[in-house]
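What's in start.csv: CSV, C-alpha atoms and all ligand atoms
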chain,number,residue,atom,x,y,z
A,724,MET,CA,-29.9,-2.3,13.5
A,725,THR,CA,-29.9,-5.9,12.2
A,726,LEU,CA,-26.6,-7.6,12.9
A,727,GLY,CA,-24.6,-10.3,11.2
A,728,LEU,CA,-22.9,-12.6,13.7
A,729,TYR,CA,-19.5,-14.2,13.1
A,730,VAL,CA,-17.9,-17.0,15.1
A,731,HIS,CA,-14.3,-17.9,14.6
A,732,ILE,CA,-13.1,-21.5,15.0
A,733,PRO,CA,-9.3,-21.4,14.9
A,734,PHE,CA,-8.5,-25.2,14.6
A,735,CYS,CA,-7.2,-27.0,11.6
A,736,ARG,CA,-5.8,-30.4,10.9
A,737,HIS,CA,-2.8,-29.1,9.1
A,738,LYS,CA,-1.6,-25.6,8.1
A,739,CYS,CA,-2.0,-25.1,4.4
A,740,LEU,CA,1.0,-23.7,2.5
A,741,TYR,CA,-0.6,-20.4,1.6
A,742,CYS,CA,-2.6,-19.7,4.7
A,743,ASP,CA,-2.2,-16.7,7.0
A,744,PHE,CA,-5.6,-17.0,8.6
A,745,PRO,CA,-5.7,-17.2,12.4
A,746,SER,CA,-5.8,-21.0,12.3
A,747,TYR,CA,-3.6,-23.6,14.1
A,748,ALA,CA,-2.9,-27.3,13.8
A,749,GLY,CA,-2.2,-29.4,16.9
A,750,LEU,CA,-4.2,-27.4,19.4
A,751,GLU,CA,-7.1,-29.8,19.7
A,752,ARG,CA,-6.6,-29.9,23.5
A,753,TYR,CA,-8.2,-26.4,23.6
A,754,ARG,CA,-11.4,-27.3,21.8
A,755,ASP,CA,-13.8,-28.0,24.7
A,756,GLY,CA,-12.5,-25.0,26.7
A,757,TYR,CA,-12.8,-22.8,23.5
A,758,VAL,CA,-16.4,-23.7,22.8
A,759,GLN,CA,-17.3,-23.0,26.5
A,760,ALA,CA,-15.4,-19.7,26.2
A,761,LEU,CA,-17.3,-18.8,23.0
A,762,CYS,CA,-20.6,-19.4,24.8
A,763,ARG,CA,-19.6,-17.2,27.7
A,764,ASP,CA,-18.4,-14.5,25.4
A,765,ILE,CA,-21.6,-14.6,23.4
A,766,ALA,CA,-23.8,-14.5,26.5
A,767,ALA,CA,-21.9,-11.4,27.8
A,768,SER,CA,-22.2,-9.5,24.5
A,769,PRO,CA,-23.1,-5.8,25.0
A,770,TYR,CA,-25.3,-6.3,21.9
A,771,ALA,CA,-27.5,-8.9,23.6
A,772,GLY,CA,-31.1,-8.4,22.7
A,773,GLU,CA,-30.3,-6.9,19.2
A,774,GLU,CA,-31.9,-8.5,16.1
A,775,ALA,CA,-29.6,-10.6,13.9
A,776,ASP,CA,-30.3,-12.2,10.5
A,777,THR,CA,-27.1,-14.0,9.7
A,778,ILE,CA,-24.7,-16.3,11.5
A,779,TYR,CA,-21.4,-17.4,9.9
A,780,ILE,CA,-19.2,-19.9,11.7
A,781,GLY,CA,-15.9,-19.7,9.9
A,782,GLY,CA,-12.3,-20.6,10.5
A,783,GLY,CA,-10.1,-22.4,10.6
A,784,THR,CA,-12.1,-25.5,10.1
A,785,PRO,CA,-15.4,-25.4,12.0
A,786,SER,CA,-16.4,-28.9,10.7
A,787,LEU,CA,-13.7,-30.3,13.0
A,788,LEU,CA,-16.0,-29.5,15.9
A,789,ALA,CA,-18.7,-32.1,16.8
A,790,ALA,CA,-22.2,-31.1,15.6
A,791,GLY,CA,-23.1,-30.9,19.4
A,792,ASP,CA,-20.5,-28.1,19.8
A,793,ILE,CA,-21.9,-26.2,16.8
A,794,ASP,CA,-25.4,-26.7,18.4
A,795,ARG,CA,-24.1,-25.3,21.7
A,796,ILE,CA,-22.7,-22.2,20.0
A,797,LEU,CA,-26.0,-21.7,18.0
A,798,LYS,CA,-28.1,-22.1,21.1
A,799,ALA,CA,-25.9,-19.4,22.9
A,800,LEU,CA,-26.4,-17.1,19.9
A,801,ARG,CA,-30.2,-17.7,19.8
A,802,GLN,CA,-30.5,-17.1,23.5
A,803,THR,CA,-28.5,-13.9,23.3
A,804,PHE,CA,-29.8,-12.3,20.1
A,805,ARG,CA,-33.2,-12.0,18.5
A,806,MET,CA,-32.7,-14.2,15.4
A,807,THR,CA,-35.0,-13.5,12.5
A,808,SER,CA,-37.2,-16.4,11.3
A,809,HIS,CA,-35.3,-16.9,8.0
A,810,ALA,CA,-31.8,-16.2,9.3
A,811,GLU,CA,-29.0,-17.5,7.1
A,812,ILE,CA,-26.8,-19.9,9.2
A,813,THR,CA,-23.5,-20.8,7.5
A,814,VAL,CA,-20.8,-23.2,8.6
A,815,GLU,CA,-17.5,-23.5,6.8
A,816,ALA,CA,-16.4,-27.1,6.3
A,817,ASN,CA,-13.5,-29.0,4.8
A,818,PRO,CA,-14.1,-32.1,2.8
A,819,ASP,CA,-12.2,-34.4,5.1
A,820,SER,CA,-14.4,-33.5,8.1
A,821,LEU,CA,-17.9,-33.5,6.4
A,822,ASP,CA,-19.9,-36.6,5.6
A,823,TYR,CA,-23.6,-37.3,5.3
A,824,ASP,CA,-24.1,-37.9,9.1
A,825,LYS,CA,-22.3,-34.7,10.0
A,826,ALA,CA,-24.2,-32.6,7.5
A,827,ALA,CA,-27.5,-34.1,8.6
A,828,ALA,CA,-26.6,-33.4,12.3
A,829,LEU,CA,-25.7,-29.8,11.3
A,830,ALA,CA,-29.0,-29.4,9.4
A,831,ASP,CA,-30.8,-30.6,12.6
A,832,CYS,CA,-29.1,-27.8,14.5
A,833,GLY,CA,-30.5,-25.3,12.1
A,834,VAL,CA,-27.5,-24.9,9.8
A,835,ASN,CA,-28.9,-24.0,6.3
A,836,ARG,CA,-25.8,-23.1,4.4
A,837,LEU,CA,-22.4,-24.8,4.0
A,838,SER,CA,-19.3,-23.3,2.5
A,839,LEU,CA,-16.8,-26.0,1.5
A,840,GLY,CA,-13.1,-25.3,1.1
A,841,VAL,CA,-12.5,-27.4,-1.9
A,842,GLN,CA,-9.8,-25.1,-3.5
A,843,SER,CA,-8.9,-27.4,-6.5
A,844,PHE,CA,-10.1,-30.6,-8.2
A,845,SER,CA,-6.5,-31.6,-8.9
A,846,ASP,CA,-5.1,-34.1,-6.4
A,847,ALA,CA,-1.5,-33.0,-7.2
A,848,MET,CA,-2.4,-29.4,-6.6
A,849,LEU,CA,-4.2,-30.2,-3.3
A,850,SER,CA,-1.2,-32.1,-2.1
A,851,PHE,CA,1.1,-29.2,-3.1
A,852,LEU,CA,-1.1,-26.7,-1.2
A,853,GLY,CA,-1.0,-28.9,1.9
A,854,ARG,CA,-4.7,-29.7,1.8
A,855,VAL,CA,-5.5,-32.9,3.6
A,856,HIS,CA,-8.3,-34.0,1.3
A,857,THR,CA,-8.6,-35.3,-2.3
A,858,ALA,CA,-10.7,-33.9,-5.1
A,859,ALA,CA,-13.0,-36.9,-4.9
A,860,GLN,CA,-13.5,-36.2,-1.2
A,861,GLY,CA,-14.5,-32.6,-2.1
A,862,GLU,CA,-17.1,-33.9,-4.6
A,863,ARG,CA,-18.4,-36.5,-2.1
A,864,ALA,CA,-18.7,-33.9,0.7
A,865,ILE,CA,-20.8,-31.6,-1.5
A,866,GLN,CA,-23.1,-34.4,-2.6
A,867,ALA,CA,-23.4,-35.6,1.0
A,868,ALA,CA,-24.4,-32.1,2.2
A,869,TYR,CA,-27.0,-31.9,-0.6
A,870,ASP,CA,-28.4,-35.3,0.2
A,871,ALA,CA,-28.6,-34.4,3.9
A,872,GLY,CA,-30.9,-31.5,2.9
A,873,ILE,CA,-28.6,-28.5,2.9
A,874,HIS,CA,-29.1,-27.1,-0.6
A,875,ASN,CA,-27.6,-23.6,-0.1
A,876,LEU,CA,-24.0,-24.8,-0.9
A,877,SER,CA,-21.0,-22.8,-1.7
A,878,LEU,CA,-17.5,-23.9,-2.6
A,879,ASP,CA,-14.1,-22.1,-2.7
A,880,LEU,CA,-11.7,-22.5,-5.6
A,881,MET,CA,-8.3,-20.9,-6.2
A,882,TYR,CA,-6.4,-19.9,-9.3
A,883,GLY,CA,-3.1,-18.3,-10.1
A,884,LEU,CA,-1.3,-21.2,-8.3
A,885,PRO,CA,2.3,-22.3,-9.0
A,886,GLY,CA,2.3,-24.7,-11.9
A,887,GLN,CA,-1.4,-24.2,-12.7
A,888,THR,CA,-2.4,-23.9,-16.3
A,889,LEU,CA,-5.4,-22.3,-18.0
A,890,ALA,CA,-6.6,-25.8,-18.9
A,891,ASP,CA,-6.5,-26.7,-15.2
A,892,VAL,CA,-8.6,-23.8,-14.2
A,893,ARG,CA,-11.1,-24.5,-17.0
A,894,ARG,CA,-11.4,-28.1,-15.7
A,895,ASP,CA,-11.9,-27.0,-12.1
A,896,VAL,CA,-14.7,-24.7,-13.0
A,897,GLU,CA,-16.3,-27.4,-15.2
A,898,ARG,CA,-16.2,-29.8,-12.3
A,899,LEU,CA,-17.7,-27.2,-10.0
A,900,SER,CA,-20.6,-26.8,-12.5
A,901,GLN,CA,-21.4,-30.5,-12.3
A,902,LEU,CA,-22.0,-30.3,-8.5
A,903,PRO,CA,-25.2,-29.1,-6.8
A,904,VAL,CA,-23.6,-25.8,-5.6
A,905,VAL,CA,-25.4,-22.4,-5.9
A,906,HIS,CA,-22.5,-20.2,-4.8
A,907,ALA,CA,-18.8,-20.1,-5.4
A,908,SER,CA,-15.9,-18.0,-4.1
A,909,ILE,CA,-13.1,-18.2,-6.6
A,910,TYR,CA,-10.0,-16.4,-5.5
A,911,SER,CA,-6.8,-15.4,-7.2
A,912,LEU,CA,-3.9,-16.7,-4.9
A,913,ILE,CA,-2.5,-14.0,-2.7
A,914,VAL,CA,1.0,-14.6,-1.4
A,915,GLU,CA,0.9,-13.5,2.2
A,916,GLU,CA,3.8,-12.6,4.5
A,917,GLY,CA,5.0,-15.4,6.8
A,918,THR,CA,3.5,-18.3,4.8
A,919,GLN,CA,5.5,-21.3,3.6
A,920,LEU,CA,4.4,-20.4,0.1
A,921,LYS,CA,6.1,-17.0,0.4
A,922,ALA,CA,9.3,-18.6,1.7
A,923,GLY,CA,9.3,-21.2,-1.1
A,924,LEU,CA,8.7,-18.6,-3.8
A,925,GLU,CA,11.6,-16.5,-2.4
A,926,LYS,CA,13.9,-19.4,-2.4
A,927,GLY,CA,12.9,-20.2,-6.0
A,928,ASP,CA,11.4,-23.5,-5.2
A,929,TRP,CA,8.3,-22.6,-7.2
A,930,GLN,CA,7.1,-19.9,-9.6
A,931,LEU,CA,3.8,-18.2,-9.9
A,932,PRO,CA,2.2,-18.1,-13.4
A,933,PRO,CA,3.0,-14.8,-15.2
A,934,ASP,CA,0.5,-12.0,-14.6
A,935,GLU,CA,-0.9,-12.3,-18.1
A,936,ALA,CA,-1.6,-16.0,-17.4
A,937,THR,CA,-3.4,-15.2,-14.2
A,938,GLU,CA,-5.4,-12.5,-15.9
A,939,ALA,CA,-6.4,-15.0,-18.5
A,940,MET,CA,-7.5,-17.4,-15.7
A,941,ALA,CA,-9.6,-14.7,-14.2
A,942,GLN,CA,-11.3,-14.1,-17.5
A,943,THR,CA,-11.8,-17.8,-18.1
A,944,VAL,CA,-13.4,-18.2,-14.6
A,945,HIS,CA,-15.7,-15.2,-15.3
A,946,ASP,CA,-16.8,-16.4,-18.7
A,947,ALA,CA,-17.3,-20.0,-17.7
A,948,MET,CA,-19.2,-19.2,-14.6
A,949,HIS,CA,-21.6,-17.0,-16.6
A,950,GLY,CA,-22.0,-19.9,-19.0
A,951,TYR,CA,-22.9,-22.2,-16.2
A,952,GLY,CA,-25.7,-19.8,-15.0
A,953,PHE,CA,-23.9,-18.0,-12.1
A,954,HIS,CA,-23.8,-14.2,-11.8
A,955,HIS,CA,-20.7,-12.4,-10.7
A,956,TYR,CA,-21.9,-10.2,-7.8
A,957,GLU,CA,-18.6,-9.5,-6.0
A,958,ILE,CA,-14.9,-9.5,-7.1
A,959,SER,CA,-14.5,-13.2,-6.0
A,960,SER,CA,-18.1,-14.3,-5.6
A,961,TYR,CA,-20.6,-16.0,-7.9
A,962,ALA,CA,-24.2,-17.0,-7.2
A,963,LYS,CA,-27.1,-18.7,-8.9
A,964,GLY,CA,-30.4,-16.9,-8.6
A,965,PRO,CA,-30.9,-15.4,-5.1
A,966,PHE,CA,-28.1,-17.4,-3.4
A,967,GLU,CA,-25.7,-14.5,-2.8
A,968,SER,CA,-24.1,-14.8,0.6
A,969,ARG,CA,-26.2,-12.6,2.9
A,970,HIS,CA,-23.6,-12.6,5.6
A,971,ASN,CA,-20.6,-11.6,3.4
A,972,SER,CA,-22.8,-9.0,1.7
A,973,LYS,CA,-23.0,-7.2,5.1
A,974,TYR,CA,-19.3,-6.6,5.0
A,975,TRP,CA,-19.5,-5.0,1.5
A,976,THR,CA,-22.7,-3.0,2.2
A,977,TYR,CA,-21.4,-1.4,5.4
A,978,GLU,CA,-23.8,-3.2,7.7
A,979,PRO,CA,-22.9,-4.0,11.3
A,980,TYR,CA,-21.5,-7.4,12.4
A,981,ILE,CA,-20.2,-8.7,15.7
A,982,GLY,CA,-17.5,-11.3,15.9
A,983,PHE,CA,-16.8,-13.9,18.6
A,984,GLY,CA,-13.7,-16.0,19.1
A,985,VAL,CA,-10.0,-15.3,18.6
A,986,SER,CA,-9.0,-12.7,16.1
A,987,ALA,CA,-12.7,-12.1,15.2
A,988,HIS,CA,-13.5,-8.6,13.9
A,989,SER,CA,-16.5,-6.5,14.6
A,990,PHE,CA,-18.1,-3.3,13.2
A,991,ASP,CA,-21.0,-1.5,14.7
A,992,GLY,CA,-21.2,1.5,12.4
A,993,LYS,CA,-19.0,3.7,14.6
A,994,MET,CA,-16.1,1.4,15.8
A,995,ARG,CA,-14.1,-1.5,14.4
A,996,TRP,CA,-12.4,-3.8,16.8
A,997,ALA,CA,-10.6,-7.1,16.8
A,998,ASN,CA,-10.3,-9.8,19.5
A,999,VAL,CA,-7.2,-11.2,21.0
A,1000,ALA,CA,-5.4,-13.8,18.8
A,1001,ASN,CA,-4.2,-16.0,21.6
A,1002,ILE,CA,-6.4,-19.0,22.3
A,1003,PRO,CA,-5.5,-19.5,26.1
A,1004,ALA,CA,-5.9,-15.8,26.7
A,1005,TYR,CA,-9.3,-15.8,25.0
A,1006,ILE,CA,-10.4,-18.8,27.0
A,1007,GLN,CA,-9.3,-17.1,30.2
A,1008,LYS,CA,-10.9,-13.7,29.5
A,1009,ALA,CA,-14.2,-14.7,27.7
A,1010,GLY,CA,-17.2,-13.8,29.7
A,1011,LYS,CA,-15.1,-12.3,32.5
A,1012,GLY,CA,-13.4,-9.3,31.0
A,1013,SER,CA,-12.8,-7.7,27.6
A,1014,VAL,CA,-11.4,-10.0,24.9
A,1015,VAL,CA,-10.8,-7.0,22.6
A,1016,SER,CA,-7.2,-6.4,21.6
A,1017,GLU,CA,-7.5,-3.4,19.4
A,1018,SER,CA,-10.2,-1.0,18.3
A,1019,VAL,CA,-10.5,2.1,16.1
A,1020,ALA,CA,-13.1,4.7,16.0
A,1021,ILE,CA,-14.5,5.4,12.5
A,1022,ASP,CA,-14.5,9.1,11.9
A,1023,ALA,CA,-16.6,10.8,9.2
A,1024,GLU,CA,-13.7,10.8,6.7
A,1025,ARG,CA,-12.8,7.1,7.2
A,1026,ALA,CA,-16.5,6.1,7.0
A,1027,VAL,CA,-17.0,7.5,3.5
A,1028,GLU,CA,-13.7,5.9,2.3
A,1029,ASP,CA,-14.5,2.5,3.8
A,1030,TYR,CA,-18.0,2.7,2.4
A,1031,CYS,CA,-16.8,3.4,-1.2
A,1032,PHE,CA,-14.1,0.8,-1.5
A,1033,LEU,CA,-16.3,-1.9,0.1
A,1034,ALA,CA,-19.2,-1.0,-2.1
A,1035,LEU,CA,-17.0,-1.2,-5.2
A,1036,ARG,CA,-16.1,-4.8,-4.4
A,1037,ARG,CA,-19.7,-5.6,-5.4
A,1038,ARG,CA,-20.6,-5.6,-9.1
A,1039,ALA,CA,-23.6,-3.4,-8.2
A,1040,GLY,CA,-21.1,-0.8,-7.0
A,1041,ILE,CA,-21.9,2.5,-5.2
A,1042,ASP,CA,-25.5,3.6,-4.9
A,1043,TYR,CA,-25.4,7.4,-4.7
A,1044,GLY,CA,-28.8,7.6,-3.1
A,1045,ASP,CA,-27.7,5.2,-0.3
A,1046,TYR,CA,-24.5,7.3,0.2
A,1047,ALA,CA,-26.5,10.5,0.5
A,1048,ARG,CA,-28.9,8.9,3.0
A,1049,ARG,CA,-26.1,7.5,5.2
A,1050,PHE,CA,-23.7,10.5,5.1
A,1051,GLY,CA,-26.1,13.4,4.5
A,1052,LYS,CA,-24.2,14.7,1.5
A,1053,ALA,CA,-23.8,14.0,-2.2
A,1054,ILE,CA,-20.9,11.6,-3.2
A,1055,GLU,CA,-19.8,14.2,-5.8
A,1056,ASP,CA,-18.9,16.5,-2.9
A,1057,ASP,CA,-16.3,14.0,-1.7
A,1058,PHE,CA,-15.3,12.0,-4.7
A,1059,GLY,CA,-16.6,13.7,-7.8
A,1060,PRO,CA,-13.2,14.3,-9.4
A,1061,VAL,CA,-11.9,10.8,-8.5
A,1062,ILE,CA,-14.9,9.1,-10.0
A,1063,ASP,CA,-14.7,11.3,-13.2
A,1064,GLN,CA,-11.0,10.4,-13.6
A,1065,LEU,CA,-11.6,6.6,-13.1
A,1066,VAL,CA,-14.5,6.7,-15.6
A,1067,ARG,CA,-12.2,8.4,-18.1
A,1068,GLN,CA,-9.6,5.7,-17.5
A,1069,GLY,CA,-12.2,3.1,-18.2
A,1070,LEU,CA,-11.9,1.5,-14.7
A,1071,LEU,CA,-15.3,2.7,-13.4
A,1072,GLU,CA,-18.6,2.9,-15.3
A,1073,ARG,CA,-21.7,4.8,-14.5
A,1074,THR,CA,-24.9,2.8,-13.6
A,1075,ALA,CA,-28.5,3.9,-13.1
A,1076,GLN,CA,-27.8,4.1,-9.3
A,1077,GLY,CA,-24.2,5.4,-9.3
A,1078,CYS,CA,-21.0,3.7,-10.5
A,1079,CYS,CA,-19.3,0.4,-10.4
A,1080,LEU,CA,-16.1,-1.3,-11.5
A,1081,SER,CA,-16.0,-1.8,-15.3
A,1082,GLU,CA,-14.9,-5.2,-16.7
A,1083,GLU,CA,-11.5,-3.7,-17.1
A,1084,GLY,CA,-11.5,-2.2,-13.6
A,1085,LEU,CA,-12.1,-5.7,-12.1
A,1086,GLY,CA,-8.4,-6.4,-12.9
A,1087,TYR,CA,-7.3,-3.2,-11.2
A,1088,GLY,CA,-9.5,-3.3,-8.0
A,1089,ASN,CA,-6.7,-2.4,-5.6
A,1090,TYR,CA,-5.7,0.6,-7.7
A,1091,VAL,CA,-9.3,1.8,-7.9
A,1092,PHE,CA,-9.9,1.3,-4.2
A,1093,SER,CA,-6.7,3.2,-3.3
A,1094,LYS,CA,-8.1,6.3,-5.2
A,1095,PHE,CA,-10.9,6.5,-2.6
A,1096,ILE,CA,-8.4,6.6,0.4
A,1097,ARG,CA,-7.5,10.3,0.9
B,1,LIG,S1,-7.9,-25.3,6.1
B,1,LIG,FE1,-8.3,-23.1,5.7
B,1,LIG,S2,-7.9,-22.1,7.6
B,1,LIG,FE2,-7.0,-24.1,7.8
B,1,LIG,S3,-4.9,-23.9,7.3
B,1,LIG,FE3,-6.0,-24.5,5.4
B,1,LIG,S4,-6.6,-22.5,4.4
B,1,LIG,FE4,-6.0,-22.1,6.5
Rewrite the structure from the file as structure tokens, please.
Ligand code: SF4
Amino acid sequence: MTLGLYVHIPFCRHKCLYCDFPSYAGLERYRDGYVQALCRDIAASPYAGEEADTIYIGGGTPSLLAAGDIDRILKALRQTFRMTSHAEITVEANPDSLDYDKAAALADCGVNRLSLGVQSFSDAMLSFLGRVHTAAQGERAIQAAYDAGIHNLSLDLMYGLPGQTLADVRRDVERLSQLPVVHASIYSLIVEEGTQLKAGLEKGDWQLPPDEATEAMAQTVHDAMHGYGFHHYEISSYAKGPFESRHNSKYWTYEPYIGFGVSAHSFDGKMRWANVANIPAYIQKAGKGSVVSESVAIDAERAVEDYCFLALRRRAGIDYGDYARRFGKAIEDDFGPVIDQLVRQGLLERTAQGCCLSEEGLGYGNYVFSKFIR
């Protein structure tokens, strides 16, 4: 098996209004101990010696770490796993902690892809969201990364935000198109439990745009990105040419990945597991005992369900031949009637290899996925 490797960096300068990721502000004192713990955890991995072809250092805000820390983590991964020669090595960065020198230092460590959390090109919206950077800093960070020699650049944008208009979304995508990025993750806002956003919406402090407005934003994003030469390869992901995210694609194509750090998830084809969420507990246990907090065995029934709904996130959809090779049976035996019904409803369409979400189905992804859970 060829693995994807994920490393979670849980530190942020400030907690954003909408964020429910395992990320924390004000815990900088743990940084050194955490990086050392990561290196111990990596060195002790039961998967040591396996081949890996992607590394993704995500967060949180990995660019808050010094380049030397990222280098230490990458060295630990290279010493533990057999990295392929053209491995994709991504670091997530926020615009306020990435300049030319940092990007150049990361490139020197072997980082060949950066994913920038820009989220919006409106300063008012960034401030509302609790982001600690401006739109101009977002643009400068991307240009700096490009000038430093990292040309596989991705940025994140959000739509469906309180107070946002269709014209705002159009402007954001247009500004994206003027930057040297080859990949974009463009998400519809999800209101998560326990966030400040959720509390404010419940109190009536803000209002989300109506559903029809958010659907129109999704369509605008889709049409504009196509016009700018990006192809839509996953519900929220657009790429130019070959620059699809190889690491994220592993999640959607049922490939194994191993996660390091707090709250990191792993999947080896038979089990899924998650690490402890508590930073001091992780530091204490890493390399000395198990850092896993929960695990679940994937039985045959769960495996086919997971496979289908993950594959349907990709525009390429489900490949019936791959399904038969992996599970030793035809997909029609498991999901024939479900697929027929969704095709009749216009939410799935047949392809040369199998089936995929239709344009209409893109707006009803969760409903379609739920039909594959038995
Ligand atoms: S920077 Fe990212 S991870 Fe950190 S709080 Fe904001 S959204 Fe969450």
> Smallest atom-to-atom distance to ligand LIG 1 (chain B): which of A:His856, A:Arg795, A:Arg1036, A:Arg836, using all atoms listed in the file?
Replying inline: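 The answer is A:His856, which sits nearest to ligand LIG 1 (chain B).
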> Which protein, DNA or RNA residues are at most 12 Å from (-7.9, -27.3, 0.9) in the file's coordinates when you count only C-alpha atoms, listed as a ChimeraX atom specification?
Replying inline: /A:735-742,783-784,815-820,839-858,860-861,878-881
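Note that CA of Val904 (chain A) and CA of Glu1083 (chain A) are 27.7 Å apart.
The two atoms in question, CA of Arg1037 (chain A) and CA of Leu1085 (chain A), are spaced 10.1 Å apart.
Across A:Ser838, A:Leu728, A:Ile1041, A:Glu1055, the tightest approach to ligand LIG 1 (chain B) is made by A:Ser838 when counting all atoms listed in the file.
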The centre and edge lengths of an axis-aligned box containing all atoms of region 1071-1087 of chain A present in the file, extended by 3 Å on each side, are to be given in Å to one decimal, as JSON.
{"center_x": -17.9, "center_y": -0.5, "center_z": -13.2, "size_x": 27.2, "size_y": 17.8, "size_z": 13.8}
>> So, with only C-alpha atoms as the atoms that count, which of A:Gln866, A:Thr943, A:Ser968, A:Gln1076 lies closest to Gly727 (chain A)?
In response: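 Nearest candidate to Gly727 (chain A) out of A:Gln866, A:Thr943, A:Ser968, A:Gln1076: A:Ser968.
Among A:Glu1017, A:Glu916, A:Asp1029, A:Asp743, the residue with the shortest atom-to-atom distance to ligand LIG 1 (chain B), counting all atoms listed in the file, is A:Asp743.
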> Which one of A:Arg801, A:His906, A:His945, A:Arg1067 sits closest to Glu967 (chain A) if you count only C-alpha atoms?
Replying inline: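 Ranking A:Arg801, A:His906, A:His945, A:Arg1067 by distance to Glu967 (chain A), first place goes to A:His906.
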>> If I take CA of Phe1032 (chain A) and CA of Leu876 (chain A), how far is one from the other in Å, to one decimal?
In response: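 Computing it gives 27.5 Å between the two atoms.
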> Of the candidates A:Leu1033, A:Ala1053, A:Leu884, A:Ile981, which one gets nearest to Ala936 (chain A) if we count only C-alpha atoms?
Replying inline: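 That would be A:Leu884, the residue with the smallest distance to Ala936 (chain A).
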Produce region 915-920 of chain A of the given structure as output with all heavy atoms, as a PDB file, in the first residue's frame.
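Output contents, as saved in decode18.pdb:
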ATOM      1  N   GLU A 915     -21.528  25.076  12.384  1.00  0.00           N
ATOM      2  CA  GLU A 915     -21.225  23.936  13.251  1.00  0.00           C
ATOM      3  C   GLU A 915     -21.661  24.227  14.692  1.00  0.00           C
ATOM      4  O   GLU A 915     -21.607  25.372  15.141  1.00  0.00           O
ATOM      5  CB  GLU A 915     -19.717  23.641  13.230  1.00  0.00           C
ATOM      6  CG  GLU A 915     -19.156  23.345  11.850  1.00  0.00           C
ATOM      7  CD  GLU A 915     -19.506  21.952  11.336  1.00  0.00           C
ATOM      8  OE1 GLU A 915     -20.232  21.218  12.028  1.00  0.00           O
ATOM      9  OE2 GLU A 915     -19.049  21.606  10.229  1.00  0.00           O
ATOM     10  N   GLU A 916     -22.038  23.150  15.362  1.00  0.00           N
ATOM     11  CA  GLU A 916     -22.398  23.252  16.781  1.00  0.00           C
ATOM     12  C   GLU A 916     -21.233  23.826  17.582  1.00  0.00           C
ATOM     13  O   GLU A 916     -20.074  23.513  17.303  1.00  0.00           O
ATOM     14  CB  GLU A 916     -22.699  21.859  17.356  1.00  0.00           C
ATOM     15  CG  GLU A 916     -23.985  21.227  16.859  1.00  0.00           C
ATOM     16  CD  GLU A 916     -25.226  22.019  17.233  1.00  0.00           C
ATOM     17  OE1 GLU A 916     -25.204  22.700  18.266  1.00  0.00           O
ATOM     18  OE2 GLU A 916     -26.199  21.963  16.459  1.00  0.00           O
ATOM     19  N   GLY A 917     -21.559  24.618  18.572  1.00  0.00           N
ATOM     20  CA  GLY A 917     -20.531  25.066  19.513  1.00  0.00           C
ATOM     21  C   GLY A 917     -19.685  26.225  19.008  1.00  0.00           C
ATOM     22  O   GLY A 917     -18.754  26.641  19.684  1.00  0.00           O
ATOM     23  N   THR A 918     -19.999  26.756  17.819  1.00  0.00           N
ATOM     24  CA  THR A 918     -19.201  27.879  17.320  1.00  0.00           C
ATOM     25  C   THR A 918     -19.880  29.203  17.696  1.00  0.00           C
ATOM     26  O   THR A 918     -21.090  29.256  17.935  1.00  0.00           O
ATOM     27  CB  THR A 918     -19.049  27.812  15.782  1.00  0.00           C
ATOM     28  OG1 THR A 918     -20.353  27.805  15.186  1.00  0.00           O
ATOM     29  CG2 THR A 918     -18.303  26.557  15.370  1.00  0.00           C
ATOM     30  N   GLN A 919     -19.076  30.272  17.684  1.00  0.00           N
ATOM     31  CA  GLN A 919     -19.634  31.609  17.946  1.00  0.00           C
ATOM     32  C   GLN A 919     -20.657  31.961  16.876  1.00  0.00           C
ATOM     33  O   GLN A 919     -21.634  32.651  17.141  1.00  0.00           O
ATOM     34  CB  GLN A 919     -18.515  32.641  17.853  1.00  0.00           C
ATOM     35  CG  GLN A 919     -17.679  32.819  19.086  1.00  0.00           C
ATOM     36  CD  GLN A 919     -16.592  33.828  18.761  1.00  0.00           C
ATOM     37  OE1 GLN A 919     -15.532  33.466  18.277  1.00  0.00           O
ATOM     38  NE2 GLN A 919     -16.859  35.092  19.008  1.00  0.00           N
ATOM     39  N   LEU A 920     -20.406  31.482  15.672  1.00  0.00           N
ATOM     40  CA  LEU A 920     -21.332  31.769  14.578  1.00  0.00           C
ATOM     41  C   LEU A 920     -22.710  31.206  14.893  1.00  0.00           C
ATOM     42  O   LEU A 920     -23.725  31.893  14.758  1.00  0.00           O
ATOM     43  CB  LEU A 920     -20.799  31.159  13.272  1.00  0.00           C
ATOM     44  CG  LEU A 920     -21.705  31.335  12.063  1.00  0.00           C
ATOM     45  CD1 LEU A 920     -21.805  32.793  11.655  1.00  0.00           C
ATOM     46  CD2 LEU A 920     -21.220  30.500  10.888  1.00  0.00           C
TER      47      LEU A 920
END
